[in-house]
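K.L.:
Sharing query-v2.csv, CSV, C-alpha atoms:
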```csv
chain,number,residue,atom,x,y,z
A,1,MET,CA,12.7,111.5,100.8
A,2,ASN,CA,12.2,107.8,100.3
A,3,PRO,CA,8.9,107.0,98.7
A,4,ARG,CA,7.1,103.8,99.6
A,5,HIS,CA,4.4,103.9,96.9
A,6,HIS,CA,5.7,103.9,93.4
A,7,LEU,CA,4.5,104.3,89.8
A,8,ASP,CA,3.0,101.3,88.1
A,9,GLU,CA,5.8,99.7,85.9
A,10,ALA,CA,3.3,100.1,83.0
A,11,THR,CA,3.3,103.8,83.7
A,12,VAL,CA,7.1,104.1,83.8
A,13,LEU,CA,7.2,102.2,80.5
A,14,SER,CA,4.8,104.6,78.8
A,15,PHE,CA,6.6,107.6,80.3
A,16,ALA,CA,9.9,106.3,78.8
A,17,ALA,CA,8.1,105.7,75.5
A,18,GLY,CA,6.8,109.2,75.4
A,19,ALA,CA,3.3,107.7,75.5
A,20,LEU,CA,1.8,109.5,78.5
A,21,SER,CA,-0.2,112.7,78.1
A,22,ALA,CA,1.6,115.9,79.2
A,23,GLU,CA,-0.5,116.0,82.4
A,24,MET,CA,0.2,112.4,83.4
A,25,ALA,CA,3.9,112.9,82.5
A,26,ALA,CA,4.0,116.0,84.8
A,27,VAL,CA,2.8,114.0,87.8
A,28,ALA,CA,5.1,111.0,86.9
A,29,ALA,CA,8.1,113.4,86.5
A,30,THR,CA,7.3,115.0,89.9
A,31,HIS,CA,7.5,111.6,91.5
A,32,MET,CA,10.7,110.7,89.6
A,33,GLU,CA,12.4,113.8,90.9
A,34,VAL,CA,12.2,112.3,94.4
A,35,CYS,CA,12.3,108.6,93.7
A,36,GLU,CA,15.5,106.8,92.8
A,37,LEU,CA,13.7,103.4,92.3
A,38,CYS,CA,11.4,104.8,89.6
A,39,ARG,CA,14.3,106.7,88.0
A,40,GLU,CA,16.2,103.4,87.9
A,41,ARG,CA,13.1,101.7,86.2
A,42,LEU,CA,12.9,104.6,83.8
A,43,SER,CA,16.5,104.0,82.7
A,44,GLU,CA,15.6,100.3,82.1
A,45,ALA,CA,12.5,101.2,80.1
A,46,GLU,CA,14.7,103.6,78.0
A,47,ARG,CA,17.1,100.8,77.4
A,48,ILE,CA,14.2,98.8,76.0
A,49,GLY,CA,13.5,101.8,73.7
A,50,GLY,CA,17.1,101.8,72.6
A,51,ALA,CA,17.0,98.1,71.9
A,52,LEU,CA,13.8,98.5,69.9
A,53,LEU,CA,15.3,101.4,67.9
A,54,GLY,CA,18.4,99.3,67.2
A,55,GLN,CA,16.2,96.4,65.9
A,56,GLN,CA,14.5,98.6,63.3
A,57,GLN,CA,15.2,97.1,59.8
A,58,PRO,CA,15.4,99.9,57.2
A,59,ALA,CA,14.6,98.6,53.7
A,60,ALA,CA,17.9,98.1,51.9
A,61,GLY,CA,18.6,100.6,49.1
A,62,ALA,CA,15.4,102.5,49.7
A,63,ASP,CA,15.7,105.9,48.0
A,64,ALA,CA,19.5,105.8,47.8
A,65,ALA,CA,19.7,109.3,46.2
A,66,ARG,CA,17.8,110.9,49.0
A,67,GLY,CA,20.0,109.1,51.6
A,68,ALA,CA,23.1,110.3,49.8
A,69,ARG,CA,21.9,113.9,49.9
A,70,LEU,CA,21.1,113.7,53.6
A,71,ARG,CA,24.6,112.2,54.2
A,72,GLU,CA,26.3,115.1,52.4
A,73,ALA,CA,24.2,117.6,54.5
A,74,MET,CA,25.3,115.9,57.7
A,75,LEU,CA,29.0,116.0,56.6
A,76,ASP,CA,28.6,119.8,56.1
A,77,LEU,CA,27.0,120.1,59.6
A,78,LEU,CA,29.9,118.5,61.3
A,79,ASP,CA,32.1,121.5,60.5
A,80,GLU,CA,29.8,123.9,62.1
A,81,GLU,CA,30.4,125.2,65.6
A,82,PRO,CA,27.9,123.5,68.0
A,83,LYS,CA,25.2,125.8,69.2
A,84,LEU,CA,25.5,126.7,72.8
A,85,GLU,CA,23.2,124.4,74.6
A,86,ALA,CA,23.9,125.3,78.2
A,87,ASP,CA,20.6,127.1,78.6
A,88,ALA,CA,18.6,124.3,77.0
A,89,ALA,CA,20.2,121.8,79.4
A,90,ASN,CA,19.2,123.9,82.4
A,91,GLY,CA,15.5,123.3,81.6
A,92,ARG,CA,15.8,119.6,81.7
A,93,LEU,CA,14.3,117.2,84.1
A,94,ARG,CA,16.9,116.4,86.7
A,95,PRO,CA,16.6,114.4,89.9
A,96,THR,CA,16.6,116.6,93.0
A,97,ASP,CA,16.3,115.5,96.5
A,98,ALA,CA,15.3,118.8,97.9
A,99,PRO,CA,13.7,121.8,96.2
A,100,VAL,CA,16.1,124.8,96.0
A,101,ASP,CA,13.7,126.9,97.9
A,102,ALA,CA,10.9,125.9,100.2
A,103,ASP,CA,8.4,128.1,98.3
A,104,CYS,CA,9.3,126.5,95.0
A,105,LEU,CA,6.8,124.1,93.4
A,106,PRO,CA,8.3,120.9,91.8
A,107,ARG,CA,9.7,121.9,88.5
A,108,PRO,CA,7.5,119.7,86.3
A,109,LEU,CA,4.4,121.4,87.8
A,110,GLN,CA,5.6,125.0,87.3
A,111,PRO,CA,4.4,125.4,83.7
A,112,TYR,CA,0.9,124.7,85.0
A,113,PHE,CA,0.7,126.3,88.4
A,114,GLY,CA,3.6,128.8,88.5
A,115,ARG,CA,6.7,128.7,90.6
A,116,SER,CA,5.5,129.7,94.1
A,117,TRP,CA,3.4,128.0,96.7
A,118,ARG,CA,2.6,131.3,98.3
A,119,ALA,CA,1.3,132.8,95.0
A,120,LEU,CA,-1.2,129.9,94.4
A,121,ARG,CA,-4.9,131.1,94.3
A,122,TRP,CA,-6.8,128.2,95.9
A,123,ARG,CA,-10.5,127.9,95.1
A,124,TRP,CA,-12.9,126.6,97.7
A,125,MET,CA,-14.7,123.5,96.4
A,126,ALA,CA,-16.4,122.0,99.5
A,127,PRO,CA,-15.9,122.2,103.2
A,128,GLY,CA,-12.2,121.5,103.8
A,129,VAL,CA,-11.4,121.0,100.1
A,130,HIS,CA,-9.6,123.6,98.0
A,131,MET,CA,-8.5,123.0,94.4
A,132,ILE,CA,-6.7,124.6,91.5
A,133,ARG,CA,-7.3,123.2,88.0
A,134,ALA,CA,-4.5,123.8,85.4
A,135,ALA,CA,-5.8,126.0,82.6
A,136,ARG,CA,-3.5,124.8,79.9
A,137,GLY,CA,-3.4,121.3,78.8
A,138,SER,CA,-3.6,118.7,76.2
A,139,GLY,CA,-6.9,117.0,77.1
A,140,ASP,CA,-6.4,115.3,80.4
A,141,THR,CA,-7.1,117.1,83.7
A,142,LEU,CA,-4.4,118.3,86.1
A,143,ILE,CA,-5.4,119.5,89.5
A,144,LEU,CA,-3.8,120.6,92.7
A,145,LEU,CA,-5.9,119.5,95.7
A,146,LYS,CA,-5.6,120.8,99.3
A,147,ILE,CA,-7.7,118.8,101.8
A,148,ALA,CA,-8.0,119.7,105.5
A,149,PRO,CA,-6.4,117.3,108.0
A,150,GLY,CA,-8.5,114.5,109.4
A,151,LYS,CA,-11.0,114.7,106.6
A,152,SER,CA,-12.7,111.8,104.8
A,153,MET,CA,-13.2,112.1,101.1
A,154,PRO,CA,-16.2,110.5,99.4
A,155,ILE,CA,-15.7,107.0,98.2
A,156,HIS,CA,-14.9,107.1,94.5
A,157,SER,CA,-13.7,105.0,91.6
A,158,HIS,CA,-12.3,106.0,88.3
A,159,GLN,CA,-13.4,105.4,84.7
A,160,GLY,CA,-9.8,105.8,83.6
A,161,THR,CA,-6.5,106.4,85.2
A,162,GLU,CA,-5.8,108.7,88.2
A,163,LEU,CA,-2.2,109.5,89.0
A,164,THR,CA,-1.7,111.3,92.3
A,165,GLN,CA,1.5,112.5,93.9
A,166,ILE,CA,1.5,113.6,97.6
A,167,LEU,CA,3.3,116.9,98.0
A,168,GLN,CA,2.5,117.7,101.7
A,169,GLY,CA,0.6,116.1,104.5
A,170,ALA,CA,-0.6,112.6,104.2
A,171,TYR,CA,-3.7,110.4,103.7
A,172,ASP,CA,-4.7,106.8,104.3
A,173,ASP,CA,-6.9,104.5,102.4
A,174,ALA,CA,-7.4,100.8,101.9
A,175,LEU,CA,-4.2,100.7,99.9
A,176,GLY,CA,-2.0,102.1,102.7
A,177,HIS,CA,-0.5,105.3,104.1
A,178,TYR,CA,0.5,107.9,101.5
A,179,ALA,CA,3.1,110.5,102.6
A,180,PRO,CA,5.0,113.2,100.7
A,181,GLY,CA,6.8,111.6,97.7
A,182,ASP,CA,4.4,108.7,97.4
A,183,VAL,CA,2.4,108.3,94.3
A,184,ALA,CA,-1.0,106.5,93.9
A,185,ASP,CA,-1.3,105.1,90.4
A,186,LEU,CA,-4.9,103.9,90.2
A,187,ASP,CA,-7.2,102.7,87.5
A,188,ASN,CA,-10.9,101.8,87.1
A,189,GLU,CA,-10.6,98.6,89.1
A,190,ILE,CA,-9.9,100.4,92.3
A,191,GLN,CA,-12.5,102.1,94.5
A,192,HIS,CA,-11.1,104.1,97.4
A,193,GLN,CA,-11.9,106.5,100.2
A,194,PRO,CA,-8.9,108.6,101.3
A,195,VAL,CA,-8.9,110.0,104.8
A,196,THR,CA,-6.3,112.7,105.4
A,197,ALA,CA,-3.9,112.4,108.3
A,198,PRO,CA,-4.3,114.8,111.3
A,199,GLY,CA,-1.9,117.7,111.6
A,200,VAL,CA,-1.3,119.6,108.3
A,201,PRO,CA,-3.5,119.7,105.2
A,202,CYS,CA,-2.8,117.1,102.5
A,203,VAL,CA,-1.7,118.7,99.3
A,204,CYS,CA,-1.4,116.6,96.2
A,205,VAL,CA,-1.3,116.9,92.4
A,206,ALA,CA,-3.5,114.6,90.4
A,207,ALA,CA,-3.8,113.8,86.7
A,208,LEU,CA,-7.0,112.3,85.5
A,209,ASP,CA,-7.9,111.0,82.0
A,210,ALA,CA,-11.6,110.6,82.8
A,211,PRO,CA,-14.1,111.9,85.3
A,212,LEU,CA,-14.2,110.5,88.8
A,213,ARG,CA,-17.2,108.4,89.7
A,214,PHE,CA,-18.7,108.9,93.1
A,215,PRO,CA,-21.3,106.4,94.3
A,216,GLY,CA,-24.0,107.5,96.7
A,217,TRP,CA,-26.4,110.5,96.8
A,218,LEU,CA,-24.1,112.8,98.7
A,219,ALA,CA,-21.2,112.2,96.4
A,220,ARG,CA,-23.5,112.7,93.4
A,221,LYS,CA,-24.3,116.1,94.8
A,222,LEU,CA,-20.7,116.9,95.3
A,223,GLN,CA,-19.6,115.8,91.9
A,224,PRO,CA,-20.9,118.8,89.9
A,225,LEU,CA,-19.7,121.0,92.6
A,226,VAL,CA,-16.1,119.7,92.3
A,227,GLY,CA,-16.5,120.0,88.6
A,228,LEU,CA,-14.7,116.7,87.8
B,1,MET,CA,27.3,85.0,76.7
B,2,SER,CA,30.7,85.3,75.2
B,3,SER,CA,32.0,88.1,73.0
B,4,SER,CA,32.1,85.6,70.1
B,5,ASP,CA,28.4,86.3,69.8
B,6,PRO,CA,28.1,88.5,66.7
B,7,GLN,CA,25.5,90.7,68.3
B,8,VAL,CA,27.7,91.4,71.3
B,9,ARG,CA,30.5,92.2,68.9
B,10,ASP,CA,28.1,94.6,67.2
B,11,ALA,CA,27.3,96.4,70.4
B,12,GLU,CA,31.0,96.6,71.3
B,13,TYR,CA,31.7,97.9,67.8
B,14,TRP,CA,29.3,100.8,68.0
B,15,SER,CA,30.5,101.7,71.4
B,16,ALA,CA,34.1,101.7,70.2
B,17,GLN,CA,33.1,103.9,67.2
B,18,MET,CA,31.5,106.4,69.6
B,19,ALA,CA,34.5,106.3,71.9
B,20,ALA,CA,36.6,107.4,68.9
B,21,VAL,CA,34.2,110.2,68.2
B,22,SER,CA,34.3,111.2,71.8
B,23,HIS,CA,38.1,111.1,72.2
B,24,ARG,CA,39.3,112.2,68.7
B,25,ARG,CA,36.3,113.8,67.0
B,26,ASP,CA,36.9,111.0,64.4
B,27,ARG,CA,34.6,111.9,61.5
B,28,ASP,CA,34.9,108.5,59.7
B,29,CYS,CA,33.8,106.7,62.9
B,30,PHE,CA,30.9,109.2,63.2
B,31,MET,CA,29.8,108.7,59.7
B,32,ARG,CA,29.8,104.9,60.2
B,33,ILE,CA,27.4,105.5,63.1
B,34,TYR,CA,25.4,107.9,61.0
B,35,ASP,CA,25.1,105.4,58.1
B,36,HIS,CA,23.8,102.7,60.5
B,37,PHE,CA,21.6,104.7,62.8
B,38,ALA,CA,20.1,107.5,60.8
B,39,PRO,CA,17.8,105.2,58.8
B,40,ARG,CA,16.7,103.6,62.0
B,41,ALA,CA,16.0,106.9,63.6
B,42,ARG,CA,14.0,108.0,60.5
B,43,LEU,CA,12.0,104.8,60.7
B,44,TYR,CA,11.3,105.3,64.4
B,45,LEU,CA,10.1,108.9,63.8
B,46,LYS,CA,8.0,108.0,60.9
B,47,GLY,CA,6.4,105.3,63.0
B,48,LEU,CA,5.4,108.0,65.5
B,49,GLY,CA,3.5,109.6,62.7
B,50,CYS,CA,6.0,112.2,61.4
B,51,PRO,CA,5.7,113.0,57.7
B,52,GLU,CA,8.8,111.9,55.7
B,53,ALA,CA,10.4,115.3,55.6
B,54,VAL,CA,9.9,115.9,59.4
B,55,ALA,CA,11.3,112.5,60.2
B,56,GLU,CA,14.4,113.2,58.0
B,57,GLU,CA,14.9,116.6,59.7
B,58,LEU,CA,14.6,115.3,63.2
B,59,ALA,CA,16.8,112.3,62.5
B,60,GLN,CA,19.5,114.6,61.2
B,61,GLU,CA,19.2,116.7,64.3
B,62,ALA,CA,19.3,113.7,66.6
B,63,LEU,CA,22.5,112.3,65.0
B,64,LEU,CA,24.1,115.8,65.0
B,65,ARG,CA,23.5,115.9,68.8
B,66,LEU,CA,25.5,112.6,69.1
B,67,TRP,CA,28.4,114.4,67.4
B,68,GLN,CA,28.1,117.6,69.3
B,69,ARG,CA,27.7,116.0,72.8
B,70,ALA,CA,30.1,113.1,72.1
B,71,SER,CA,32.4,114.2,74.9
B,72,SER,CA,29.7,113.4,77.5
B,73,TYR,CA,29.2,109.8,76.2
B,74,ASP,CA,30.2,107.0,78.6
B,75,ALA,CA,29.7,103.5,77.2
B,76,SER,CA,29.4,102.0,80.7
B,77,ARG,CA,26.3,104.1,81.3
B,78,SER,CA,24.2,103.6,78.3
B,79,SER,CA,24.4,101.9,74.9
B,80,LEU,CA,24.5,104.3,71.9
B,81,SER,CA,21.1,103.2,70.7
B,82,THR,CA,19.5,104.0,74.1
B,83,TRP,CA,21.0,107.5,74.0
B,84,LEU,CA,19.8,108.1,70.5
B,85,PHE,CA,16.4,106.8,71.4
B,86,ARG,CA,16.1,109.4,74.3
B,87,ILE,CA,17.2,112.2,72.0
B,88,ALA,CA,14.8,111.2,69.2
B,89,ARG,CA,11.9,110.8,71.6
B,90,ASN,CA,12.5,114.2,73.2
B,91,LEU,CA,12.8,115.9,69.8
B,92,HIS,CA,9.5,114.4,68.8
B,93,ILE,CA,7.8,115.6,72.0
B,94,ASP,CA,9.3,119.1,71.7
B,95,ARG,CA,8.8,119.7,67.9
B,96,VAL,CA,5.9,117.6,66.8
B,97,ARG,CA,3.6,117.3,69.8
B,98,ARG,CA,4.6,120.8,70.8
B,99,GLU,CA,3.4,120.3,74.3
B,100,PRO,CA,3.3,123.8,75.8
B,101,CYS,CA,3.9,122.6,79.4
B,102,TRP,CA,6.1,119.6,79.0
B,103,VAL,CA,9.3,119.8,81.1
B,104,PRO,CA,11.7,118.0,78.8
B,105,MET,CA,13.1,114.7,79.9
B,106,ASP,CA,16.8,114.4,80.3
B,107,ASP,CA,18.6,113.1,77.2
B,108,GLU,CA,22.2,113.2,78.5
B,109,PRO,CA,23.8,109.8,78.2
B,110,GLY,CA,23.2,109.0,81.8
B,111,TRP,CA,21.5,110.5,84.8
B,112,PRO,CA,24.0,112.8,86.6
B,113,ASP,CA,23.5,111.0,89.9
B,114,ARG,CA,23.8,107.5,88.5
B,115,ASP,CA,27.3,106.6,89.7
B,116,ASP,CA,26.0,103.1,90.5
B,117,ALA,CA,26.1,102.3,86.8
B,118,SER,CA,29.8,102.1,87.0
B,119,GLY,CA,29.4,98.8,88.8
B,120,PHE,CA,28.9,97.3,85.4
B,121,SER,CA,31.8,96.7,83.1
B,122,SER,CA,31.2,97.7,79.5
B,123,ALA,CA,31.5,94.1,78.4
B,124,GLU,CA,28.7,93.1,80.7
B,125,SER,CA,26.5,95.9,79.6
B,126,HIS,CA,27.0,94.9,75.9
B,127,ALA,CA,26.0,91.4,76.8
B,128,GLU,CA,23.0,92.7,78.7
B,129,HIS,CA,22.0,94.8,75.7
B,130,VAL,CA,22.1,91.8,73.4
B,131,ASP,CA,20.3,89.7,76.0
B,132,LEU,CA,17.6,92.3,76.1
B,133,GLN,CA,17.2,92.1,72.3
B,134,HIS,CA,16.8,88.3,72.5
B,135,ARG,CA,14.2,88.8,75.2
B,136,ILE,CA,12.3,91.3,73.1
B,137,GLU,CA,12.2,88.7,70.3
B,138,ARG,CA,10.9,86.1,72.6
B,139,LEU,CA,8.0,88.1,74.1
B,140,PRO,CA,4.6,86.5,73.8
B,141,ALA,CA,2.7,88.0,70.9
B,142,VAL,CA,0.2,90.1,72.8
B,143,GLN,CA,3.0,91.6,75.0
B,144,ALA,CA,5.1,92.3,72.0
B,145,ARG,CA,2.2,94.1,70.3
B,146,LEU,CA,1.5,96.3,73.4
B,147,ILE,CA,5.2,97.1,73.7
B,148,ARG,CA,5.4,98.2,70.0
B,149,MET,CA,2.2,100.2,70.3
B,150,SER,CA,3.7,102.0,73.3
B,151,TYR,CA,7.2,102.7,72.0
B,152,PHE,CA,6.6,103.0,68.2
B,153,GLU,CA,3.2,104.6,68.2
B,154,ALA,CA,3.4,106.4,71.6
B,155,LYS,CA,-0.1,105.2,72.4
B,156,SER,CA,-1.5,105.6,76.0
B,157,HIS,CA,-2.9,102.6,77.9
B,158,GLN,CA,-6.4,103.9,77.2
B,159,GLU,CA,-5.8,104.3,73.5
B,160,ILE,CA,-4.4,100.8,73.3
B,161,ALA,CA,-7.4,99.4,75.3
B,162,ASP,CA,-9.8,101.2,73.0
B,163,GLU,CA,-8.0,100.1,69.8
B,164,LEU,CA,-7.7,96.4,70.8
B,165,GLY,CA,-11.0,96.2,72.7
B,166,MET,CA,-9.1,95.1,75.8
B,167,PRO,CA,-9.9,96.1,79.4
B,168,LEU,CA,-7.6,98.9,80.6
B,169,GLY,CA,-6.5,96.7,83.5
B,170,THR,CA,-5.4,94.0,81.1
B,171,VAL,CA,-3.4,96.4,79.0
B,172,LYS,CA,-1.6,97.6,82.1
B,173,SER,CA,-0.9,94.1,83.6
B,174,SER,CA,0.3,92.8,80.2
B,175,LEU,CA,2.7,95.8,79.9
B,176,ARG,CA,3.8,95.3,83.5
B,177,ARG,CA,4.6,91.6,82.8
B,178,ALA,CA,6.4,92.5,79.6
B,179,PHE,CA,8.5,95.0,81.4
B,180,GLN,CA,9.4,92.6,84.2
B,181,ARG,CA,10.3,89.9,81.7
B,182,LEU,CA,12.6,92.3,79.9
B,183,GLN,CA,14.0,93.7,83.1
B,184,LEU,CA,15.4,90.4,84.1
B,185,GLY,CA,17.7,90.7,81.2
B,186,VAL,CA,18.7,94.3,82.0
B,187,ARG,CA,19.5,93.4,85.6
B,188,GLY,CA,21.3,90.1,84.6
B,189,GLN,CA,19.2,88.1,87.0
B,190,ALA,CA,18.1,85.5,84.5
```
Mind converting the file's structure to structure tokens?

P.N.:
Amino acid sequence: MNPRHHLDEATVLSFAAGALSAEMAAVAATHMEVCELCRERLSEAERIGGALLGQQQPAAGADAARGARLREAMLDLLDEEPKLEADAANGRLRPTDAPVDADCLPRPLQPYFGRSWRALRWRWMAPGVHMIRAARGSGDTLILLKIAPGKSMPIHSHQGTELTQILQGAYDDALGHYAPGDVADLDNEIQHQPVTAPGVPCVCVAALDAPLRFPGWLARKLQPLVGL
Amino acid sequence: MSSSDPQVRDAEYWSAQMAAVSHRRDRDCFMRIYDHFAPRARLYLKGLGCPEAVAEELAQEALLRLWQRASSYDASRSSLSTWLFRIARNLHIDRVRREPCWVPMDDEPGWPDRDDASGFSSAESHAEHVDLQHRIERLPAVQARLIRMSYFEAKSHQEIADELGMPLGTVKSSLRRAFQRLQLGVRGQA
């Protein structure tokens, strides 16, 4: 997989800084798993974090007694056997070019939607549109969308940020052709009307930090229906 | 940039201390690293909003991980401060934000598939690290402020936009420009 549409560098930077919501981070991590360029940028953004950490200037001599006590505690800890961390490491985000199993969801999405594509319970939202909204979350919205092939979605814009990763199928809009692995990193300056490609349904995962805005009477009727 | 630059010597110095920890489990070298970096890690964690006691506890744990995982450290892949930054950031997300669904980010010293990093010699990467620090110091004021709000306060683009009364698009484009400006140093294309 060689994505052609990437995360905004400002999004990569915030991901590295730990400044994305959990939902936005889940979509960004799903993209990183298949995108070497964005992983490379993530490493660079983390180096900025390292440089900033190194530039911190602790006040000299601040609470020396407390510092000495912490230092003693650290010396004691050095003699302890390290805890076995093999299991912890297994849960970490690692780049993978192919899922282990075709039925397996991308790992960053599993806490929200489970492990298995087949076990997903799609909800009908509108003709040709199915959706699953993640129940758990920290405030932003995370949804899986399945849109029938050759279908035109209503024109919409965004009040905030919409981060969408294509998982299967494809769509086209004014910004280009989006295929599996591609991410659309959009904000409120962009209005778009995706049209799904013919063939297979387009499945994508999207994180939103504000409701979508649909212009036009049809879309206004659709909006409460879609519940966004 | 020559290695007579004191900051390059500094980066080389910490890397050599960590190599001694990695190869010989050298406690004295580790405690030099501890004395330098533990107060910086505490400051970083306090800046993210941790109460003093939590910042102390997490900083201790972050430094202890350097000791426990020293054998996997490779100076050509990441500077010590970058590795420590990753560990401290992840500890904060795991323990303080307690995100129930967060898939933790990797905090090993380098991505497992990143063999390309071996294209850099350690000396180059120390010089690059210092170059990056110089570039951070020279960022225009607004970009520097947005960078600090992102890294030290973990604020989202929207939170920054609200707090500074800036359009969201301006926050994103300023951060993008800052990143590109700093990246030139990282990639050595300056």

K.L.:
Got a sec: who's within 10 Å of A:Trp124, counting all atoms listed in the file, leaving out chain neighbours fewer than 5 positions off, as number ranges by chain?

P.N.:
A: 129-132, 146, 226

K.L.:
Between B:Ile93, B:Ala141, B:Ala127, B:Ile87, which residue has the minimum interatomic distance to chain A, considering only C-alpha atoms?

P.N.:
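Ranked by minimum distance to chain A, first place goes to B:Ile93.
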
K.L.:
How many Å separate atom CA of A:Asp63 from atom CA of B:Val21?

P.N.:
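So the two atoms, atom CA of A:Asp63 and atom CA of B:Val21, lie 27.7 Å apart.
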
K.L.:
Please report the interatomic distance between atom CA of B:Lys155 and atom CA of A:Ser43 in Å with one decimal.

P.N.:
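Value for the atom CA of B:Lys155-atom CA of A:Ser43 distance: 19.6 Å.
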
K.L.:
Give me the residues near A:Leu13 as number ranges by chain, where near means some atom within 10 Å (using only C-alpha atoms) and where sequence neighbours in that chain fewer than 4 positions away do not count.

P.N.:
A: 7-9, 17-20, 41-46, 48-49; B: 147, 150-151, 175-176, 178-179

K.L.:
When distances are computed from all atoms listed in the file, which of A:Ala179, A:Ala148, A:Ala174, A:Leu52 shows the smallest separation from A:Gln193?

P.N.:
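Checking each candidate against A:Gln193, we get A:Ala174 as the closest.
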
K.L.:
Quick one: pull the distance between atom CA of A:Gln57 and atom CA of B:Ser156, Å, one decimal.

P.N.:
24.8 Å

K.L.:
Could you pull out every residue with an atom within 8 Å of (1.1, 114.7, 108.6), file coordinates, counting all atoms listed in the file, and send them as an MDAnalysis selection string?

P.N.:
chainID A and resid 149 168:170 179 197:202

K.L.:
Output as CSV one row per residue of chain A within 8 Å of chain B: the closest atom pair and its distance in Å to one decimal place, counting only C-alpha atoms, sorted by chain and residue number ascending.

P.N.:
```
residue,atom,partner,partner_atom,distance
A:Asp8,CA,B:Arg176,CA,7.6
A:Glu9,CA,B:Arg176,CA,5.4
A:Ala10,CA,B:Arg176,CA,4.9
A:Leu13,CA,B:Phe179,CA,7.4
A:Ser14,CA,B:Ser150,CA,6.2
A:Ala17,CA,B:Tyr151,CA,4.7
A:Gly18,CA,B:Ala154,CA,5.8
A:Ala19,CA,B:Ala154,CA,4.1
A:Leu20,CA,B:Ser156,CA,5.7
A:Ser21,CA,B:Ser156,CA,7.5
A:Ala22,CA,B:Trp102,CA,5.8
A:Ala25,CA,B:Trp102,CA,7.9
A:Ala26,CA,B:Trp102,CA,7.1
A:Glu44,CA,B:Val186,CA,6.8
A:Ala45,CA,B:Phe179,CA,7.5
A:Glu46,CA,B:Thr82,CA,6.2
A:Arg47,CA,B:Thr82,CA,5.2
A:Ile48,CA,B:Leu132,CA,7.3
A:Gly49,CA,B:Phe85,CA,6.2
A:Gly50,CA,B:Thr82,CA,3.6
A:Ala51,CA,B:Gln133,CA,6.0
A:Leu52,CA,B:Gln133,CA,7.6
A:Leu53,CA,B:Arg40,CA,6.5
A:Gly54,CA,B:Ser81,CA,5.9
A:Gln55,CA,B:Gln133,CA,7.8
A:Gln56,CA,B:Arg40,CA,5.6
A:Gln57,CA,B:Arg40,CA,7.0
A:Pro58,CA,B:Pro39,CA,6.0
A:Leu70,CA,B:Gln60,CA,7.8
A:Arg71,CA,B:Asp35,CA,7.9
A:Met74,CA,B:Gln60,CA,6.9
A:Leu75,CA,B:Met31,CA,8.0
A:Leu77,CA,B:Leu64,CA,7.5
A:Leu78,CA,B:Leu64,CA,7.4
A:Pro82,CA,B:Gln68,CA,6.0
A:Gly91,CA,B:Pro104,CA,7.1
A:Arg92,CA,B:Pro104,CA,5.3
A:Leu93,CA,B:Met105,CA,5.0
A:Arg94,CA,B:Asp106,CA,6.7
A:Pro95,CA,B:Asp113,CA,7.7
A:Arg107,CA,B:Val103,CA,7.7
A:Pro108,CA,B:Val103,CA,5.5
A:Pro111,CA,B:Cys101,CA,5.2
A:Tyr112,CA,B:Cys101,CA,6.7
A:Arg136,CA,B:Cys101,CA,7.7
A:Gly137,CA,B:Cys101,CA,7.4
A:Ser138,CA,B:Glu99,CA,7.4
A:Gly160,CA,B:Gln158,CA,7.5
A:Asp187,CA,B:Gly169,CA,7.2
A:Asn188,CA,B:Gly169,CA,7.6
A:Glu189,CA,B:Gly169,CA,7.2
```

K.L.:
Counting all atoms listed in the file, which residues have an atom no more than 7 Å from (-4.0, 117.8, 97.7) in the file's coordinates? Please list them as a VMD selection string.

P.N.:
chain A and resid 144 to 147 166 202 to 205

K.L.:
Find the spatial neighbours of A:Thr164, counting all atoms listed in the file, within a cut-off of 9 Å - ignore same-chain residues fewer than 5 positions away - and output them as a ChimeraX atom specification.

P.N.:
/A:27-28,182-186,204-208

K.L.:
Write the residues of the selection above to a file with C-alpha atoms, as a PDB file, in the coordinates of the input.

P.N.:
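The resulting file, out.pdb, is shown below:
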```pdb
ATOM      1  CA  VAL A  27       2.800 114.000  87.800  1.00  0.00           C
ATOM      2  CA  ALA A  28       5.100 111.000  86.900  1.00  0.00           C
ATOM      3  CA  ASP A 182       4.400 108.700  97.400  1.00  0.00           C
ATOM      4  CA  VAL A 183       2.400 108.300  94.300  1.00  0.00           C
ATOM      5  CA  ALA A 184      -1.000 106.500  93.900  1.00  0.00           C
ATOM      6  CA  ASP A 185      -1.300 105.100  90.400  1.00  0.00           C
ATOM      7  CA  LEU A 186      -4.900 103.900  90.200  1.00  0.00           C
ATOM      8  CA  CYS A 204      -1.400 116.600  96.200  1.00  0.00           C
ATOM      9  CA  VAL A 205      -1.300 116.900  92.400  1.00  0.00           C
ATOM     10  CA  ALA A 206      -3.500 114.600  90.400  1.00  0.00           C
ATOM     11  CA  ALA A 207      -3.800 113.800  86.700  1.00  0.00           C
ATOM     12  CA  LEU A 208      -7.000 112.300  85.500  1.00  0.00           C
TER      13      LEU A 208
END
```

K.L.:
Restricting the calculation to only C-alpha atoms: of A:Met24, A:Thr30, A:Cys104, A:Ala64, which residue gets closest to A:Leu142?

P.N.:
A:Met24
